[in-house]
Each structure stands twice: as C-alpha cells, then as structure tokens.
Amino acid sequence: MDWIYAIIIYPIIFIFPAYVANGAPVIFGKGAKPITKGKFRGKPILGAHKTRRGLVAGLIAGAIMAILESLVPGFGFMLAIGIAESVGTHVGDLLGSFIKRQSGVKEGQPIPFLDQYPFLVFALFFALPFALPSYFPSIYGVIFLFVLTWVMHRLTNIGAHKLSIKEVPW
Ligand code: CTP
Ligand code: MG
C-alpha cells in the first residue's frame, strides 16, 4: 500500500499549506479593502475581490499550517516548503485575477482552469527549490493533485455557497 501514500496521502500533506493559504481569504476577505483600485489599460488591475485582508490572512494561515506540519516528527522540511507555497499560492491567484480582468471578465465570473490552477502551479513552482531533490511528489502525485484540486474547488464552492459565505456556487 506504499503507492497510496506516495500518490495520494503524501501529495495531500505536501500541498495542504497551499490549500489553506488559498481558502482562508474566502472566510477573512469578505467586505475588505481591495489590494488595488487602479486600472491597467483601462481595466481594473485585480478587481474588488482581491483584498488586502484576504491576502494577509491567506499568507498567515498558510504559514501557520506550514509550522504545524513541520512540528510532526520527520516533517520539519515542510516549514520552508509550506511558507514558499503560501507565497506562490497568492502570486498565482493574483496573476489569475489579473489575466481575468485584462480579458474583461468580471470578479467572480467563472473561467475554467484559470480559477483552479494558477495558485496550484505557482505553489508547486515556489516549493520546488525547497523540495528538491527528495521531497517533491512524484509525477503521479502531481497529477493526482491537479485532479483533487478540481474536485475540491467544486465541492468547497458549493459548500461555501450553501453556508452563504459565497454568493455563487462556483
Ligand atoms: N479573497 C480575498 N482576497 C484575496 C483572494 C480572495 O478577499 N487576495 C476572497 C474574496 O472574497 C473572493 C473569495 O476570496 O471573492 C474567493 O476568491 P477567488 O475565487 O480567488 O476570487 P473570485 O471572487 O473568483 O474573483 P476573481 O474573478 O478575481 O478570481
Ligand atoms: Mg473564483
């Protein structure tokens, strides 16, 4: 059953700080001040849904998760990886919103892939220098994380909508 650990359990442990960094803003960012109100080429830079409080809460929550995981014996390496992931998560998330705004897409309007994956790709990329050569998940683990992230995005958005945290279920 080693493969279940390698392809499913370890990748989840590995990416968990990024998930926490990505999810915390939904709870803490409601009604907060946008990071930027400016425009670029006549369009909002990031839009009203990317808030300072959401960003700070995401970074802190991701870092706390990294600290907690690193306290588990044998997982000390997750401290640097988890903090790097939290930063990568938000770089990717803001970049995704920037691309959406430049394409004329309104805040919260769903765009498949662009809503789900920039944070994951950037989290993995930022973690890379701290995770190589031995802590990065295998290619199958990474593929699993892409599938899991798709499913989690659907489920958490439906859940957040039901709990009235989010206006729309996507
Ligand atoms: N959020 C925030 N600050 C951030 C990121 C997210 O406050 N830096 C909060 C906002 O309330 C946002 C919610 O988390 O509505 C969900 O985030 P996300 O799905 O990334 O934003 P969208 O509402 O889809 O906006 P966009 O179109 O810019 O992706
Ligand atoms: Mg969204």
# chains A, B, ... in the order shown; residues from 1 in each chain; ligands from 1
call {"tool": "residues_near_ligand", "arguments": {"ligand": "ligand 2", "cutoff": "10 Å", "atoms": "only C-alpha atoms and all ligand atoms", "output": "NGL selection string"}}
result
:A and (26 or 49 or 93 or 96-97 or 107-112 or 114-116 or 153 or 157 or 166 or 168-170)
call {"tool": "closest_atom_pairs", "arguments": {"of": "region 31-120 of chain A", "to": "region 129-143 of chain A", "cutoff": "9 Å", "atoms": "only C-alpha atoms", "output": "JSON lines"}}
result
{"residue": "A:Phe77", "atom": "CA", "partner": "A:Ala131", "partner_atom": "CA", "distance": 7.9}
{"residue": "A:Met78", "atom": "CA", "partner": "A:Ala131", "partner_atom": "CA", "distance": 8.6}
{"residue": "A:Ala80", "atom": "CA", "partner": "A:Phe130", "partner_atom": "CA", "distance": 6.6}
{"residue": "A:Ile81", "atom": "CA", "partner": "A:Phe130", "partner_atom": "CA", "distance": 5.6}
{"residue": "A:Ala84", "atom": "CA", "partner": "A:Phe130", "partner_atom": "CA", "distance": 8.0}
call {"tool": "select_by_dssp", "arguments": {"residues": "region 78-154 of chain A", "states": "helix (DSSP H, G or I)", "output": "JSON, numbers by chain"}}
result
{"A": [78, 79, 80, 81, 82, 83, 84, 85, 86, 87, 88, 89, 90, 91, 92, 93, 94, 95, 96, 97, 98, 99, 100, 101, 102, 118, 119, 120, 121, 122, 123, 124, 125, 126, 127, 128, 129, 130, 131, 139, 140, 141, 142, 143, 144, 145, 146, 147, 148, 149, 150, 151, 152, 153, 154]}
call {"tool": "residues_around", "arguments": {"residues": "Lys37 (chain A)", "least_positions_apart": "2", "cutoff": "8 Å", "atoms": "only C-alpha atoms", "output": "MDAnalysis selection string"}}
result
chainID A and resid 34:35 39 44:48
call {"tool": "closest_residue", "arguments": {"among": "A:Pro25, A:Pro11, A:Gly88, A:Gly74", "to": "ligand 1", "atoms": "only C-alpha atoms and all ligand atoms"}}
result
A:Pro25
call {"tool": "closest_residue", "arguments": {"among": "A:Arg154, A:Arg41, A:Arg52, A:Lys162", "to": "Arg101 (chain A)", "atoms": "only C-alpha atoms"}}
result
A:Arg41
call {"tool": "closest_residue", "arguments": {"among": "A:Ala160, A:Ile27, A:Leu94, A:Ala32", "to": "Phe122 (chain A)", "atoms": "only C-alpha atoms"}}
result
A:Leu94
call {"tool": "select_by_dssp", "arguments": {"residues": "chain A", "states": "strand (DSSP E or B)", "output": "PyMOL selection string"}}
result
chain A and resi 34+39-40+43-44+51
call {"tool": "atom_distance", "arguments": {"atom1": "CA of Asp2 (chain A)", "atom2": "CA of Ala21 (chain A)"}}
result
28.4 Å
call {"tool": "residues_around", "arguments": {"residues": "Glu69 (chain A)", "least_positions_apart": "5", "cutoff": "9 Å", "atoms": "only C-alpha atoms", "output": "list in words"}}
result
Ile13, Pro17, Ile64, Phe75, Gly76, Phe77, Met78, Leu79 and Gly82 of chain A
call {"tool": "atom_distance", "arguments": {"atom1": "CA of Phe125 (chain A)", "atom2": "CA of Thr156 (chain A)"}}
result
23.7 Å
call {"tool": "closest_residue", "arguments": {"among": "A:Val147, A:Val87, A:Leu128, A:Ala63", "to": "ligand 1", "atoms": "only C-alpha atoms and all ligand atoms"}}
result
A:Val87
call {"tool": "residues_around", "arguments": {"residues": "Arg53 (chain A)", "least_positions_apart": "3", "cutoff": "7 Å", "atoms": "only C-alpha atoms", "output": "list in words"}}
result
Phe28, Gly29, Ala32, Val56 and Ala57 of chain A
call {"tool": "write_last_selection", "arguments": {"atoms": "C-alpha atoms", "output": "tab-separated table (two decimals), in the first residue's frame"}}
result
chain	number	residue	atom	x	y	z
A	28	PHE	CA	-11.43	36.51	6.12
A	29	GLY	CA	-11.59	38.68	3.00
A	32	ALA	CA	-12.36	44.07	2.99
A	56	VAL	CA	-2.64	38.72	4.61
A	57	ALA	CA	-4.97	36.12	6.15
call {"tool": "residues_around", "arguments": {"residues": "Ser86 (chain A)", "least_positions_apart": "5", "cutoff": "9 Å", "atoms": "only C-alpha atoms", "output": "VMD selection string"}}
result
chain A and resid 17 to 22 58 to 63 66 81 91 123 126
call {"tool": "write_last_selection", "arguments": {"atoms": "N, CA, C and O atoms", "output": "JSON list (two decimals), in the first residue's frame"}}
result
[["chain", "number", "residue", "atom", "x", "y", "z"],
["A", 17, "PRO", "N", -0.58, 23.27, 3.01],
["A", 17, "PRO", "CA", -0.43, 24.70, 3.32],
["A", 17, "PRO", "C", -0.94, 25.60, 2.18],
["A", 17, "PRO", "O", -1.50, 26.67, 2.44],
["A", 18, "ALA", "N", -0.77, 25.17, 0.94],
["A", 18, "ALA", "CA", -1.25, 25.97, -0.19],
["A", 18, "ALA", "C", -2.78, 26.01, -0.21],
["A", 18, "ALA", "O", -3.38, 27.06, -0.47],
["A", 19, "TYR", "N", -3.42, 24.88, 0.08],
["A", 19, "TYR", "CA", -4.89, 24.84, 0.14],
["A", 19, "TYR", "C", -5.39, 25.79, 1.24],
["A", 19, "TYR", "O", -6.37, 26.51, 1.05],
["A", 20, "VAL", "N", -4.72, 25.75, 2.38],
["A", 20, "VAL", "CA", -5.13, 26.62, 3.49],
["A", 20, "VAL", "C", -4.93, 28.09, 3.10],
["A", 20, "VAL", "O", -5.79, 28.93, 3.34],
["A", 21, "ALA", "N", -3.78, 28.39, 2.48],
["A", 21, "ALA", "CA", -3.49, 29.77, 2.05],
["A", 21, "ALA", "C", -4.52, 30.24, 1.04],
["A", 21, "ALA", "O", -4.90, 31.41, 1.00],
["A", 22, "ASN", "N", -4.99, 29.31, 0.21],
["A", 22, "ASN", "CA", -5.96, 29.65, -0.84],
["A", 22, "ASN", "C", -7.38, 29.80, -0.28],
["A", 22, "ASN", "O", -8.16, 30.61, -0.78],
["A", 58, "GLY", "N", -4.48, 34.83, 4.15],
["A", 58, "GLY", "CA", -4.04, 33.65, 3.42],
["A", 58, "GLY", "C", -2.57, 33.33, 3.69],
["A", 58, "GLY", "O", -2.22, 32.17, 3.93],
["A", 59, "LEU", "N", -1.74, 34.35, 3.67],
["A", 59, "LEU", "CA", -0.30, 34.14, 3.92],
["A", 59, "LEU", "C", -0.07, 33.63, 5.34],
["A", 59, "LEU", "O", 0.72, 32.70, 5.56],
["A", 60, "ILE", "N", -0.77, 34.25, 6.31],
["A", 60, "ILE", "CA", -0.59, 33.85, 7.71],
["A", 60, "ILE", "C", -1.12, 32.43, 7.94],
["A", 60, "ILE", "O", -0.45, 31.59, 8.54],
["A", 61, "ALA", "N", -2.33, 32.15, 7.41],
["A", 61, "ALA", "CA", -2.93, 30.83, 7.62],
["A", 61, "ALA", "C", -2.06, 29.74, 6.98],
["A", 61, "ALA", "O", -1.84, 28.68, 7.57],
["A", 62, "GLY", "N", -1.53, 30.01, 5.78],
["A", 62, "GLY", "CA", -0.65, 29.04, 5.12],
["A", 62, "GLY", "C", 0.63, 28.82, 5.93],
["A", 62, "GLY", "O", 1.09, 27.68, 6.07],
["A", 63, "ALA", "N", 1.17, 29.92, 6.48],
["A", 63, "ALA", "CA", 2.40, 29.80, 7.28],
["A", 63, "ALA", "C", 2.14, 29.02, 8.56],
["A", 63, "ALA", "O", 2.97, 28.20, 8.99],
["A", 66, "ALA", "N", 2.07, 25.48, 7.71],
["A", 66, "ALA", "CA", 3.44, 25.01, 7.48],
["A", 66, "ALA", "C", 4.14, 24.74, 8.81],
["A", 66, "ALA", "O", 4.82, 23.71, 8.97],
["A", 81, "ILE", "N", 8.94, 24.71, 2.80],
["A", 81, "ILE", "CA", 8.10, 24.37, 1.64],
["A", 81, "ILE", "C", 6.72, 25.01, 1.77],
["A", 81, "ILE", "O", 6.22, 25.64, 0.83],
["A", 91, "VAL", "N", 0.74, 34.64, -5.33],
["A", 91, "VAL", "CA", 1.27, 35.19, -6.59],
["A", 91, "VAL", "C", 0.43, 34.64, -7.75],
["A", 91, "VAL", "O", -0.03, 35.39, -8.61],
["A", 123, "ALA", "N", 2.21, 27.51, -6.49],
["A", 123, "ALA", "CA", 2.58, 26.93, -5.19],
["A", 123, "ALA", "C", 3.62, 25.83, -5.40],
["A", 123, "ALA", "O", 4.65, 25.78, -4.71],
["A", 126, "PHE", "N", 6.97, 27.45, -6.55],
["A", 126, "PHE", "CA", 7.70, 28.13, -5.46],
["A", 126, "PHE", "C", 8.29, 27.13, -4.47],
["A", 126, "PHE", "O", 9.32, 27.39, -3.85]]
call {"tool": "atom_distance", "arguments": {"atom1": "CA of Ile9 (chain A)", "atom2": "CA of Ile158 (chain A)"}}
result
24.2 Å
